[in-house]
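Participant: Just so it is clear, I am handing over coords33.txt, which has compact mmCIF, C-alpha atoms.
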```txt
# COMPACT_ATOMS: atom_id res chain seq x y z
CA MET X 897 127.49 103.39 126.69
CA ALA X 898 127.87 104.38 123.06
CA ALA X 899 129.87 101.26 122.37
CA ASN X 900 127.01 98.92 123.11
CA PRO X 901 125.40 98.12 119.76
CA MET X 902 122.19 96.96 121.41
CA THR X 903 121.28 100.18 123.21
CA GLN X 904 119.76 101.51 120.00
CA PHE X 905 117.00 98.94 120.35
CA GLU X 906 116.02 99.94 123.84
CA VAL X 907 112.49 101.14 124.32
CA TYR X 908 111.90 103.90 126.82
CA ARG X 909 108.92 105.85 127.93
CA ILE X 910 108.29 109.32 126.52
CA GLY X 911 106.03 111.29 128.79
CA PRO X 912 103.95 109.88 131.58
CA GLU X 913 103.13 106.28 132.28
CA ILE X 914 99.73 105.32 130.86
CA LYS X 915 98.02 102.25 132.19
CA ILE X 916 94.84 100.49 131.20
CA GLY X 917 94.10 98.00 133.93
CA THR X 918 97.35 96.21 134.48
CA PHE X 919 98.57 96.91 130.95
CA ASP X 920 101.23 99.53 130.44
CA ILE X 921 100.49 101.35 127.17
CA SER X 922 102.80 104.30 127.72
CA PHE X 923 103.90 106.35 124.75
CA THR X 924 107.44 105.21 123.96
CA ASN X 925 110.09 105.97 121.38
CA ALA X 926 108.74 102.98 119.41
CA SER X 927 105.27 104.53 119.47
CA LEU X 928 106.78 107.82 118.38
CA PHE X 929 108.34 106.29 115.30
CA MET X 930 105.19 104.37 114.46
CA VAL X 931 103.30 107.65 114.58
CA ILE X 932 105.98 109.45 112.55
CA SER X 933 106.02 106.71 109.88
CA SER X 934 102.24 106.65 109.61
CA LEU X 935 102.03 110.42 109.46
CA ALA X 936 104.74 110.57 106.82
CA ILE X 937 102.89 108.02 104.70
CA LEU X 938 99.60 109.85 105.10
CA ILE X 939 101.11 113.24 104.31
CA ILE X 940 103.01 112.03 101.25
CA PHE X 941 100.09 110.11 99.80
CA ASN X 942 97.61 112.81 100.65
CA LEU X 943 99.73 115.35 98.81
CA GLY X 944 100.18 112.87 95.99
CA SER X 945 96.47 112.37 95.50
CA LYS X 946 95.27 115.89 96.18
CA LYS X 947 95.03 117.22 92.67
CA ASN X 948 94.95 115.30 89.50
CA SER X 949 96.88 116.68 86.59
CA ILE X 950 97.47 114.83 83.35
CA LEU X 951 101.18 115.41 83.77
CA PRO X 952 101.75 114.48 87.43
CA ASN X 953 104.12 116.46 89.58
CA LYS X 954 106.86 114.69 91.52
CA ILE X 955 104.91 113.80 94.63
CA GLN X 956 101.90 112.69 92.61
CA LEU X 957 104.16 110.57 90.47
CA LEU X 958 105.64 109.03 93.61
CA ALA X 959 102.21 108.17 94.97
CA GLU X 960 100.99 106.79 91.67
CA LEU X 961 104.12 104.78 91.02
CA SER X 962 103.88 103.23 94.49
CA TYR X 963 100.24 102.48 93.84
CA SER X 964 100.92 100.75 90.55
CA PHE X 965 103.98 98.98 92.00
CA VAL X 966 101.98 97.39 94.81
CA SER X 967 99.02 96.80 92.52
CA LYS X 968 101.22 94.95 90.05
CA MET X 969 102.90 92.98 92.82
CA ILE X 970 99.52 91.79 94.10
CA SER X 971 98.06 90.93 90.72
CA ASP X 972 101.25 89.07 89.76
CA THR X 973 101.37 86.92 92.87
CA ALA X 974 97.78 86.58 94.04
CA GLY X 975 95.73 87.28 90.93
CA SER X 976 92.68 89.44 90.52
CA LYS X 977 90.84 87.87 93.46
CA ALA X 978 93.17 89.70 95.85
CA LYS X 979 91.85 93.08 94.77
CA PRO X 980 89.81 93.65 97.98
CA TYR X 981 92.97 93.22 100.07
CA PHE X 982 94.92 95.78 98.10
CA SER X 983 94.51 98.53 100.70
CA PHE X 984 95.76 96.30 103.47
CA ILE X 985 98.83 95.09 101.60
CA PHE X 986 99.56 98.61 100.43
CA SER X 987 99.35 99.94 104.00
CA LEU X 988 101.45 97.05 105.24
CA PHE X 989 104.16 97.53 102.64
CA MET X 990 104.29 101.27 103.18
CA PHE X 991 104.28 100.96 106.97
CA VAL X 992 107.13 98.46 107.02
CA LEU X 993 109.05 100.37 104.38
CA PHE X 994 108.73 103.69 106.18
CA CYS X 995 109.59 102.17 109.57
CA ASN X 996 112.65 100.56 108.03
CA MET X 997 113.70 103.73 106.26
CA PHE X 998 113.19 105.97 109.28
CA GLY X 999 115.39 103.54 111.17
CA MET X 1000 118.19 104.35 108.74
CA ILE X 1001 118.43 107.92 110.02
CA PRO X 1002 121.06 108.10 112.79
CA TYR X 1003 119.72 108.33 116.35
CA THR X 1004 116.29 107.11 115.34
CA PHE X 1005 114.48 104.01 116.50
CA THR X 1006 113.70 101.15 114.14
CA VAL X 1007 110.21 99.94 114.91
CA THR X 1008 110.56 96.81 112.80
CA SER X 1009 113.68 95.69 114.64
CA HIS X 1010 111.46 94.52 117.47
CA ILE X 1011 110.22 90.96 117.30
CA ILE X 1012 106.97 91.82 119.02
CA VAL X 1013 106.03 94.33 116.31
CA THR X 1014 106.83 92.06 113.39
CA PHE X 1015 105.25 89.12 115.17
CA VAL X 1016 102.00 90.98 115.72
CA LEU X 1017 101.90 91.97 112.05
CA ALA X 1018 102.78 88.44 110.92
CA SER X 1019 100.25 86.81 113.24
CA PHE X 1020 97.57 89.16 112.09
CA ILE X 1021 98.37 88.22 108.49
CA PHE X 1022 98.50 84.52 109.40
CA ILE X 1023 95.17 84.58 111.20
CA GLY X 1024 93.57 86.73 108.53
CA VAL X 1025 94.77 84.50 105.70
CA THR X 1026 93.62 81.36 107.51
CA VAL X 1027 90.18 82.87 108.15
CA ILE X 1028 89.89 83.96 104.52
CA GLY X 1029 90.92 80.49 103.39
CA PHE X 1030 88.29 78.79 105.54
CA ILE X 1031 85.61 81.27 104.48
CA LYS X 1032 86.39 80.79 100.78
CA HIS X 1033 86.85 77.03 100.74
CA GLY X 1034 85.31 75.71 103.99
CA PHE X 1035 87.06 72.61 105.17
CA GLY X 1036 88.36 72.20 101.64
CA TYR X 1037 91.07 74.61 102.70
CA LEU X 1038 92.67 71.70 104.54
CA LYS X 1039 93.52 70.26 101.12
CA LEU X 1040 96.33 72.79 101.20
CA PHE X 1041 98.20 70.31 103.40
CA VAL X 1042 97.73 67.46 100.93
CA PRO X 1043 99.69 68.22 97.77
CA SER X 1044 98.57 66.37 94.66
CA GLY X 1045 100.82 63.88 92.93
CA VAL X 1046 102.56 62.61 96.07
CA PRO X 1047 103.01 58.85 96.60
CA VAL X 1048 100.61 57.48 99.22
CA ILE X 1049 103.44 56.16 101.38
CA LEU X 1050 104.97 59.61 101.68
CA LEU X 1051 101.66 61.32 102.27
CA PRO X 1052 101.58 61.23 106.11
CA LEU X 1053 105.07 62.67 106.25
CA ILE X 1054 104.29 65.34 103.66
CA VAL X 1055 101.12 66.36 105.46
CA VAL X 1056 103.01 66.76 108.72
CA ILE X 1057 105.70 68.81 107.00
CA GLU X 1058 103.09 70.96 105.28
CA ILE X 1059 101.27 71.62 108.53
CA ILE X 1060 104.49 72.52 110.32
CA SER X 1061 105.55 74.82 107.49
CA TYR X 1062 102.11 76.44 107.48
CA LEU X 1063 102.14 76.99 111.23
CA SER X 1064 105.68 78.36 111.14
CA ARG X 1065 104.69 81.04 108.63
CA PRO X 1066 104.11 83.81 111.19
CA ILE X 1067 107.38 82.97 112.90
CA SER X 1068 109.43 82.88 109.71
CA LEU X 1069 107.75 86.03 108.43
CA SER X 1070 108.31 87.99 111.63
CA VAL X 1071 111.78 86.69 112.41
CA ARG X 1072 112.95 87.38 108.85
CA LEU X 1073 112.13 91.06 109.10
CA PHE X 1074 113.15 91.51 112.71
CA ALA X 1075 116.45 89.66 112.35
CA ASN X 1076 117.40 91.49 109.18
CA MET X 1077 116.74 94.88 110.68
CA MET X 1078 118.39 94.07 113.98
CA ALA X 1079 121.44 92.47 112.42
CA GLY X 1080 121.95 95.32 110.00
CA HIS X 1081 121.65 98.00 112.62
CA THR X 1082 123.82 96.11 115.07
CA MET X 1083 126.49 95.65 112.45
CA MET X 1084 126.42 99.34 111.58
CA LYS X 1085 126.70 100.21 115.23
CA VAL X 1086 129.61 97.82 115.69
CA PHE X 1087 131.47 99.30 112.74
CA GLY X 1088 130.65 102.75 114.05
CA GLY X 1089 132.18 101.69 117.38
CA PHE X 1090 135.29 100.51 115.55
CA VAL X 1091 135.66 103.95 114.00
CA ILE X 1092 135.76 105.48 117.46
CA SER X 1093 138.02 102.90 119.02
CA LEU X 1094 140.50 102.79 116.13
CA GLY X 1095 140.61 106.56 116.08
CA ILE X 1096 142.01 108.83 113.40
CA VAL X 1097 144.65 106.32 112.26
CA GLY X 1098 142.77 103.06 111.79
CA GLY X 1099 139.21 104.32 111.76
CA TRP X 1100 138.99 104.93 108.05
CA LEU X 1101 138.53 101.29 107.14
CA PRO X 1102 135.50 100.68 109.39
CA LEU X 1103 134.20 104.09 108.38
CA SER X 1104 134.25 103.09 104.72
CA PHE X 1105 132.60 99.83 105.73
CA SER X 1106 130.00 101.82 107.57
CA VAL X 1107 129.30 103.89 104.48
CA ALA X 1108 128.99 100.79 102.33
CA LEU X 1109 126.79 99.16 104.96
CA THR X 1110 124.50 102.18 104.96
CA GLY X 1111 123.86 101.63 101.27
CA LEU X 1112 123.36 97.94 101.85
CA GLU X 1113 121.01 98.59 104.74
CA ILE X 1114 118.88 100.95 102.69
CA LEU X 1115 118.61 98.21 100.12
CA VAL X 1116 117.77 95.69 102.84
CA ALA X 1117 115.19 98.07 104.31
CA PHE X 1118 113.40 98.23 100.98
CA LEU X 1119 113.92 94.58 100.20
CA GLN X 1120 112.58 93.35 103.52
CA ALA X 1121 109.49 95.49 103.21
CA TYR X 1122 109.01 94.09 99.71
CA VAL X 1123 109.59 90.51 100.89
CA PHE X 1124 107.17 91.02 103.76
CA ALA X 1125 104.49 92.29 101.41
CA ILE X 1126 105.09 89.72 98.71
CA LEU X 1127 105.00 86.83 101.20
CA THR X 1128 101.70 88.18 102.44
CA CYS X 1129 100.51 88.13 98.84
CA ILE X 1130 101.70 84.55 98.41
CA TYR X 1131 99.92 83.42 101.58
CA LEU X 1132 96.83 85.24 100.40
CA ASN X 1133 97.16 83.52 97.05
CA ASP X 1134 97.16 80.14 98.82
CA ALA X 1135 93.98 81.10 100.62
CA LEU X 1136 92.20 82.56 97.59
CA ASN X 1137 93.24 80.17 94.84
CA LEU X 1138 93.56 76.70 96.29
CA HIS X 1139 95.84 74.85 93.88
CA HIS X 1140 96.31 71.49 95.53
CA MET H 90 156.20 101.35 121.70
CA ILE H 91 153.48 103.87 120.97
CA LYS H 92 152.11 101.49 118.40
CA LYS H 93 151.96 98.72 120.95
CA ILE H 94 150.10 100.88 123.40
CA PHE H 95 147.70 101.90 120.65
CA PHE H 96 146.80 98.34 119.67
CA GLN H 97 146.65 97.31 123.30
CA SER H 98 144.25 100.11 123.97
CA ILE H 99 142.08 98.91 121.07
CA PHE H 100 142.15 95.39 122.41
CA PHE H 101 141.31 96.45 125.90
CA ASN H 102 138.68 98.73 124.65
CA PHE H 103 136.92 95.72 123.18
CA PHE H 104 137.47 93.79 126.30
CA PHE H 105 135.99 96.52 128.39
CA SER H 106 133.11 97.22 126.09
CA LYS H 107 132.20 93.54 126.19
CA GLU H 108 132.18 93.76 129.95
CA VAL H 109 129.99 96.81 129.65
CA PHE H 110 127.47 95.03 127.35
CA ALA H 111 127.01 92.29 129.81
CA ALA H 112 126.61 94.60 132.69
CA GLU H 113 124.36 97.11 131.02
CA SER H 114 121.47 95.35 129.33
CA GLY H 115 121.89 91.65 129.64
CA GLY H 116 120.97 90.64 126.11
CA MET H 117 118.57 91.92 123.54
CA PRO H 118 116.16 94.67 124.51
CA GLN H 119 113.72 93.09 122.05
CA LEU H 120 113.18 90.19 124.43
CA ASN H 121 112.39 92.41 127.37
CA PRO H 122 108.60 92.20 127.68
CA GLU H 123 108.27 95.42 129.62
CA PHE H 124 106.92 97.44 126.69
CA TRP H 125 105.41 94.66 124.60
CA ILE H 126 101.84 95.57 125.43
CA SER H 127 102.58 99.20 124.71
CA GLN H 128 104.12 98.33 121.36
CA ILE H 129 101.20 96.08 120.41
CA PHE H 130 98.75 98.80 121.42
CA TRP H 131 100.49 101.56 119.50
CA LEU H 132 101.11 99.35 116.49
CA THR H 133 97.43 98.44 116.33
CA LEU H 134 96.42 102.07 116.77
CA THR H 135 98.80 103.63 114.24
CA PHE H 136 98.53 100.86 111.68
CA GLY H 137 94.76 100.78 112.08
CA ILE H 138 94.45 104.51 111.51
CA LEU H 139 96.90 104.33 108.62
CA TYR H 140 94.93 101.49 107.03
CA ILE H 141 91.56 103.17 107.47
CA VAL H 142 92.68 106.55 106.14
CA LEU H 143 94.56 105.01 103.22
CA SER H 144 91.79 102.65 102.20
CA LYS H 145 88.89 105.03 102.69
CA LEU H 146 90.32 108.35 101.61
CA ILE H 147 93.62 108.26 99.82
CA LEU H 148 93.83 105.08 97.77
CA PRO H 149 90.41 105.54 96.09
CA LYS H 150 91.52 109.02 95.07
CA ILE H 151 94.79 107.76 93.58
CA SER H 152 92.92 104.99 91.82
CA ALA H 153 90.39 107.48 90.48
CA ASN H 154 93.19 109.75 89.34
CA LEU H 155 94.89 106.91 87.52
CA GLU H 156 91.64 105.77 85.95
CA LEU H 157 90.80 109.29 84.93
CA ARG H 158 94.17 109.77 83.32
CA LYS H 159 93.89 106.45 81.55
CA SER H 160 90.42 107.22 80.27
CA GLN H 161 91.44 110.73 79.29
CA ILE H 162 94.38 109.43 77.30
CA GLN H 163 92.13 106.78 75.78
CA ASP H 164 89.59 109.45 74.93
CA ASN H 165 92.23 111.59 73.32
CA ILE H 166 93.48 108.66 71.28
CA GLU H 167 89.94 107.88 70.26
CA ALA H 168 89.27 111.49 69.36
CA ALA H 169 92.45 111.59 67.29
CA GLU H 170 91.44 108.37 65.58
CA LYS H 171 87.98 109.78 64.92
CA GLN H 172 89.42 112.96 63.50
CA ARG H 173 91.73 110.97 61.28
CA LYS H 174 88.77 108.96 60.00
CA ASP H 175 86.78 112.15 59.55
CA SER H 176 89.53 113.74 57.55
CA GLU H 177 89.86 110.60 55.48
CA SER H 178 86.17 110.56 54.74
CA LYS H 179 86.29 114.26 53.98
CA LEU H 180 89.13 113.64 51.57
CA LYS H 181 87.13 110.86 49.98
CA GLU H 182 84.13 113.14 49.76
CA TYR H 183 86.26 115.80 48.19
CA ASP H 184 87.63 113.31 45.68
CA ASP H 185 84.10 112.18 44.95
CA ILE H 186 82.95 115.71 44.45
CA ILE H 187 85.84 116.42 42.12
CA PHE H 188 85.16 113.23 40.20
CA LYS H 189 81.45 113.95 40.02
CA SER H 190 81.94 117.50 38.93
CA LYS H 191 84.37 116.37 36.27
CA LEU H 192 81.81 113.88 35.05
CA GLU H 193 79.14 116.54 35.19
CA ALA H 194 81.26 118.96 33.28
CA LYS H 195 81.86 116.30 30.68
CA ASN H 196 78.17 115.58 30.51
CA ILE H 197 77.31 119.23 30.26
CA PHE H 198 79.83 119.65 27.51
CA LYS H 199 78.51 116.62 25.72
CA ASP H 200 74.92 117.68 26.18
CA SER H 201 75.50 121.16 25.02
CA ARG H 202 77.45 119.92 22.07
CA GLU H 203 74.65 117.59 21.15
CA LYS H 204 72.16 120.34 21.68
CA VAL H 205 74.09 122.69 19.51
CA ILE H 206 74.48 120.07 16.83
CA LYS H 207 70.81 119.28 17.07
CA ASP H 208 69.97 122.94 16.93
CA ILE H 209 72.11 123.43 13.94
CA ASN H 210 70.60 120.43 12.28
CA ASN H 211 67.12 121.60 13.13
CA LYS H 212 67.81 125.04 11.84
CA LYS H 213 69.39 123.59 8.78
CA GLU H 214 66.42 121.37 8.21
CA SER H 215 63.90 124.11 8.77
CA LEU H 216 65.86 126.36 6.55
CA GLU H 217 65.99 123.70 3.91
CA ASN H 218 62.31 123.13 4.33
CA GLN H 219 61.71 126.80 4.06
CA ILE H 220 63.85 126.98 1.03
CA ASN H 221 62.11 124.00 -0.43
CA ASP H 222 58.78 125.56 0.36
CA GLU H 223 59.83 128.77 -1.20
CA ILE H 224 61.10 126.92 -4.19
CA LYS H 225 57.88 124.99 -4.43
CA LYS H 226 55.89 128.13 -3.99
CA ALA H 227 57.89 129.85 -6.60
CA GLU H 228 57.55 126.87 -8.88
CA LYS H 229 53.83 126.85 -8.27
CA GLU H 230 53.66 130.54 -9.02
CA ILE H 231 55.66 129.99 -12.08
CA GLU H 232 53.37 127.17 -12.96
CA VAL H 233 50.36 129.34 -12.36
CA VAL H 234 51.91 132.09 -14.33
CA LYS H 235 52.84 129.61 -17.01
CA LYS H 236 49.34 128.24 -17.03
CA SER H 237 47.71 131.60 -17.07
CA ALA H 238 50.17 132.95 -19.58
CA PRO H 239 48.61 131.49 -22.76
CA GLY H 240 45.17 132.74 -21.76
CA LYS H 241 46.49 136.20 -21.17
CA ILE H 242 48.50 136.14 -24.33
CA ASN H 243 45.45 134.97 -26.16
CA LYS H 244 43.45 137.76 -24.63
CA ILE H 245 46.12 140.27 -25.54
CA ALA H 246 46.32 138.75 -28.98
CA ILE H 247 42.57 138.98 -29.35
CA GLU H 248 42.53 142.56 -28.19
CA ALA H 249 45.49 143.45 -30.33
CA SER H 250 44.01 141.68 -33.37
CA SER H 251 40.65 143.34 -32.90
CA GLU H 252 42.38 146.69 -32.56
CA LEU H 253 44.51 146.02 -35.61
CA VAL H 254 41.52 144.88 -37.60
CA LYS H 255 39.63 147.94 -36.49
CA LYS H 256 42.43 150.19 -37.50
CA LEU H 257 43.19 148.43 -40.73
CA ILE H 258 39.73 147.89 -42.00
CA GLY H 259 37.74 149.99 -39.69
CA ALA H 260 35.29 147.36 -39.06
CA LYS H 261 34.31 145.90 -35.85
CA ILE H 262 34.74 142.24 -35.70
CA ASN H 263 33.19 139.95 -33.24
CA ASN H 264 35.60 139.08 -30.52
CA SER H 265 34.55 135.50 -30.40
CA SER H 266 35.60 134.80 -33.93
CA ILE H 267 39.01 136.30 -33.26
CA SER H 268 39.48 134.36 -30.08
CA ALA H 269 38.60 131.19 -31.92
CA ILE H 270 41.33 131.88 -34.41
CA VAL H 271 43.83 132.82 -31.66
CA ASP H 272 43.00 129.78 -29.70
CA ASP H 273 43.42 127.67 -32.70
CA LEU H 274 46.78 129.22 -33.42
CA SER H 275 47.99 129.03 -29.92
CA LYS H 276 47.05 125.41 -29.66
CA LYS H 277 48.88 124.73 -32.84
CA ASN H 278 52.03 126.61 -31.88
CA GLY H 279 51.74 126.33 -28.11
CA ASP H 280 54.37 123.70 -27.88
CA LYS H 281 56.72 125.72 -29.90
CA TYR H 282 56.36 128.92 -27.86
CA TYR H 283 55.80 127.79 -24.34
CA GLY H 284 57.27 124.38 -24.20
CA ASN H 285 54.21 122.85 -22.59
```
Rewrite the coordinates I just gave you, this time as structure tokens.
Facilitator:
Amino acid sequence: MAANPMTQFEVYRIGPEIKIGTFDISFTNASLFMVISSLAILIIFNLGSKKNSILPNKIQLLAELSYSFVSKMISDTAGSKAKPYFSFIFSLFMFVLFCNMFGMIPYTFTVTSHIIVTFVLASFIFIGVTVIGFIKHGFGYLKLFVPSGVPVILLPLIVVIEIISYLSRPISLSVRLFANMMAGHTMMKVFGGFVISLGIVGGWLPLSFSVALTGLEILVAFLQAYVFAILTCIYLNDALNLHH
Amino acid sequence: MIKKIFFQSIFFNFFFSKEVFAAESGGMPQLNPEFWISQIFWLTLTFGILYIVLSKLILPKISANLELRKSQIQDNIEAAEKQRKDSESKLKEYDDIIFKSKLEAKNIFKDSREKVIKDINNKKESLENQINDEIKKAEKEIEVVKKSAPGKINKIAIEASSELVKKLIGAKINNSSISAIVDDLSKKNGDKYYGN
């Protein structure tokens, strides 16, 4: 059982089965880690904003650095118009980051390694950005699919490509995160399995790989959260500041 | 031999584990829709709560803290700048005062010198005037005395002559005749005796 690298992604019920109508909304291990991640974020940032001293303590510094990091990321990519969406992007970045990071602890569950979770987030972003774009620019938002400075002959092709690329945004966004997390964790599990199967003699090599991979995966966990947030900012930028 | 068994066991281990994968789950658990609704529900719930609490309670506080710190630092810098300017103006004031007082001292010195000189001059002048007055007065007195002197002398001469005549000849002579003679004489010899 331990050798199967995919068992770590299995979702199972914790507690009783809860049903609303025909929908099963039971509390699962995935739900547990969503709750843990959210609670951790809330606790850390609540502690970090509780008292304001001129010289911040460590947790306050952490909260404020994260705040300015996300704030800078948004203003760099989407400009000052994206200010009202700061809270959402901040929550999104922190949620994905914490889910990824909690997944790095052995025997935990990685919420973001499930396509349904990332797809729901990405679709929400996609729909939200599209709605914002149409509210801000009306049907002028469709100009997004017609880049300026393109020869007229190529235009039909370009428009089709642009529409396809726009519509594939939620898929690319969700699959990117899901695939990265799943691949990383699977690989770690596989190398972990090698350690067991090669035993005391040959297990050191995959063990060292496993250690190196842990570092890499922590980097990937941060990077994917960052990429997720920054792509959201870029999509938002398209909707807020129509360049074409 | 042992080595061979070892590597064989590794190989078979893989072989078996692959068999086990296939038997156990049949692919990725992510694609099993059994708990999709549950995941969507809990994601919406947790992320929604997270978003609401962060955006309504925590992020405004962090933002306020950052703003407060920024403004406090700005205030401190401004206060320092103000104090620097104050001290500069105070220094300027001080320099001004020193300069002014120096000038004043100079003026006072000059004034008092002038005053003293004037005083001295005045005193000198008044003294000179006084002296001149005295001299004039004395000269006048002398003049008066000089002027009155011949008359007196004449009178004395008349009295003396009448006395002498009385004693010599025992006769009383009319004063007027004697005075006529004395007058005559004095007029004749006046220049010689008195230098008038």
Participant: Can you pull out every residue within 10 Å of segment 976-988 of chain X, counting all atoms listed in the file, but drop anything in the same chain fewer than 5 positions away, and send it as a ChimeraX atom specification?
Facilitator: /X:934,937-938,962-963,965-967,969-971,993-994,1017,1021,1121-1122,1124-1126,1128-1129,1132-1133,1135-1137 /H:136-137,139-145,147-149
Participant: Taking all atoms listed in the file into account, what are the residues of chain X at most 7 Å from chain H, put as a PyMOL selection string?
Facilitator: chain X and resi 899-900+902+905-906+919-922+926-927+930-931+934+941-942+945+948+950+960+983-984+987+1010-1013+1016+1093-1094
Participant: Neighbours of Ile1054 of chain X within 12 Å (only C-alpha atoms; same-chain residues fewer than 4 positions away dropped), as a JSON list (two decimals) with C-alpha atoms, keeping the file's coordinate frame?
Facilitator:
```
[["chain", "number", "residue", "atom", "x", "y", "z"],
["X", 1040, "LEU", "CA", 96.33, 72.79, 101.20],
["X", 1041, "PHE", "CA", 98.20, 70.31, 103.40],
["X", 1042, "VAL", "CA", 97.73, 67.46, 100.93],
["X", 1043, "PRO", "CA", 99.69, 68.22, 97.77],
["X", 1044, "SER", "CA", 98.57, 66.37, 94.66],
["X", 1045, "GLY", "CA", 100.82, 63.88, 92.93],
["X", 1046, "VAL", "CA", 102.56, 62.61, 96.07],
["X", 1047, "PRO", "CA", 103.01, 58.85, 96.60],
["X", 1048, "VAL", "CA", 100.61, 57.48, 99.22],
["X", 1049, "ILE", "CA", 103.44, 56.16, 101.38],
["X", 1050, "LEU", "CA", 104.97, 59.61, 101.68],
["X", 1058, "GLU", "CA", 103.09, 70.96, 105.28],
["X", 1059, "ILE", "CA", 101.27, 71.62, 108.53],
["X", 1060, "ILE", "CA", 104.49, 72.52, 110.32],
["X", 1061, "SER", "CA", 105.55, 74.82, 107.49],
["X", 1062, "TYR", "CA", 102.11, 76.44, 107.48]]
```
Participant: To one decimal place in Å, what is the distance between atom CA of Ala269 of chain H and atom CA of Glu230 of chain H?
Facilitator: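 Here the two named atoms are 27.4 Å from each other.
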Participant: Can you measure atom CA of Ile270 of chain H to atom CA of Val254 of chain H for me? One decimal in Å is fine.
Facilitator: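 Spanning atom CA of Ile270 of chain H to atom CA of Val254 of chain H is a straight-line distance of 13.4 Å.
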Participant: Which neighbours of Phe1005 of chain X fall inside 7 Å, counting all atoms listed in the file, when residues of the same chain fewer than 2 positions from it are skipped, and could you give them as a CSV table (one decimal) with C-alpha atoms, in the frame of the given file?
Facilitator:
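Listed below is the output, selection-v2.csv:
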```
chain,number,residue,atom,x,y,z
X,904,GLN,CA,119.8,101.5,120.0
X,905,PHE,CA,117.0,98.9,120.4
X,925,ASN,CA,110.1,106.0,121.4
X,926,ALA,CA,108.7,103.0,119.4
X,929,PHE,CA,108.3,106.3,115.3
X,999,GLY,CA,115.4,103.5,111.2
X,1003,TYR,CA,119.7,108.3,116.4
X,1007,VAL,CA,110.2,99.9,114.9
```
Participant: For segment 231-244 of chain H, work out the shell of residues within 8 Å, counting all atoms listed in the file and skipping chain neighbours fewer than 5 positions away, then give it as a list in words.
Facilitator: Ser268, Val271, Asp272 and Ser275 of chain H
Participant: So the first atom is atom CA of Thr924 of chain X and the second is atom CA of Gly911 of chain X; what is the distance between them in Å, to one decimal place?
Facilitator: 7.9 Å
Participant: Using all atoms listed in the file, which of the listed residues (X:Leu1119, X:Ser933, X:Ile916, X:Leu943) sits closest to Phe991 of chain X?
Facilitator: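 That would be X:Ser933, the residue with the smallest distance to Phe991 of chain X.
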Participant: Dump segment 1085-1096 of chain X with N, CA and C atoms to a file, as a short mmCIF file (atom, residue, chain, number, x, y, z; two decimals), in the first residue's frame.
Facilitator:
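Result file is out-v8.cif:
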```cif
data_model
loop_
_atom_site.label_atom_id
_atom_site.label_comp_id
_atom_site.auth_asym_id
_atom_site.auth_seq_id
_atom_site.Cartn_x
_atom_site.Cartn_y
_atom_site.Cartn_z
N LYS X 1085 7.17 10.70 -3.48
CA LYS X 1085 6.69 9.41 -2.98
C LYS X 1085 7.44 8.26 -3.66
N VAL X 1086 7.65 8.41 -4.96
CA VAL X 1086 8.36 7.36 -5.70
C VAL X 1086 9.77 7.20 -5.17
N PHE X 1087 10.45 8.32 -4.96
CA PHE X 1087 11.81 8.23 -4.43
C PHE X 1087 11.81 7.68 -3.02
N GLY X 1088 10.77 8.06 -2.26
CA GLY X 1088 10.63 7.50 -0.92
C GLY X 1088 10.47 5.99 -1.00
N GLY X 1089 9.68 5.52 -1.97
CA GLY X 1089 9.50 4.08 -2.17
C GLY X 1089 10.80 3.40 -2.54
N PHE X 1090 11.63 4.09 -3.34
CA PHE X 1090 12.93 3.53 -3.71
C PHE X 1090 13.79 3.32 -2.48
N VAL X 1091 13.70 4.29 -1.55
CA VAL X 1091 14.51 4.16 -0.33
C VAL X 1091 14.16 2.86 0.38
N ILE X 1092 12.87 2.59 0.47
CA ILE X 1092 12.44 1.37 1.16
C ILE X 1092 12.87 0.12 0.38
N SER X 1093 12.63 0.16 -0.92
CA SER X 1093 12.88 -1.07 -1.68
C SER X 1093 14.36 -1.34 -1.87
N LEU X 1094 15.19 -0.28 -1.93
CA LEU X 1094 16.63 -0.51 -2.07
C LEU X 1094 17.29 -0.80 -0.74
N GLY X 1095 16.59 -0.48 0.35
CA GLY X 1095 17.07 -0.85 1.66
C GLY X 1095 18.28 -0.07 2.12
N ILE X 1096 18.96 -0.62 3.11
CA ILE X 1096 20.07 0.06 3.77
C ILE X 1096 21.27 0.23 2.84
#
```
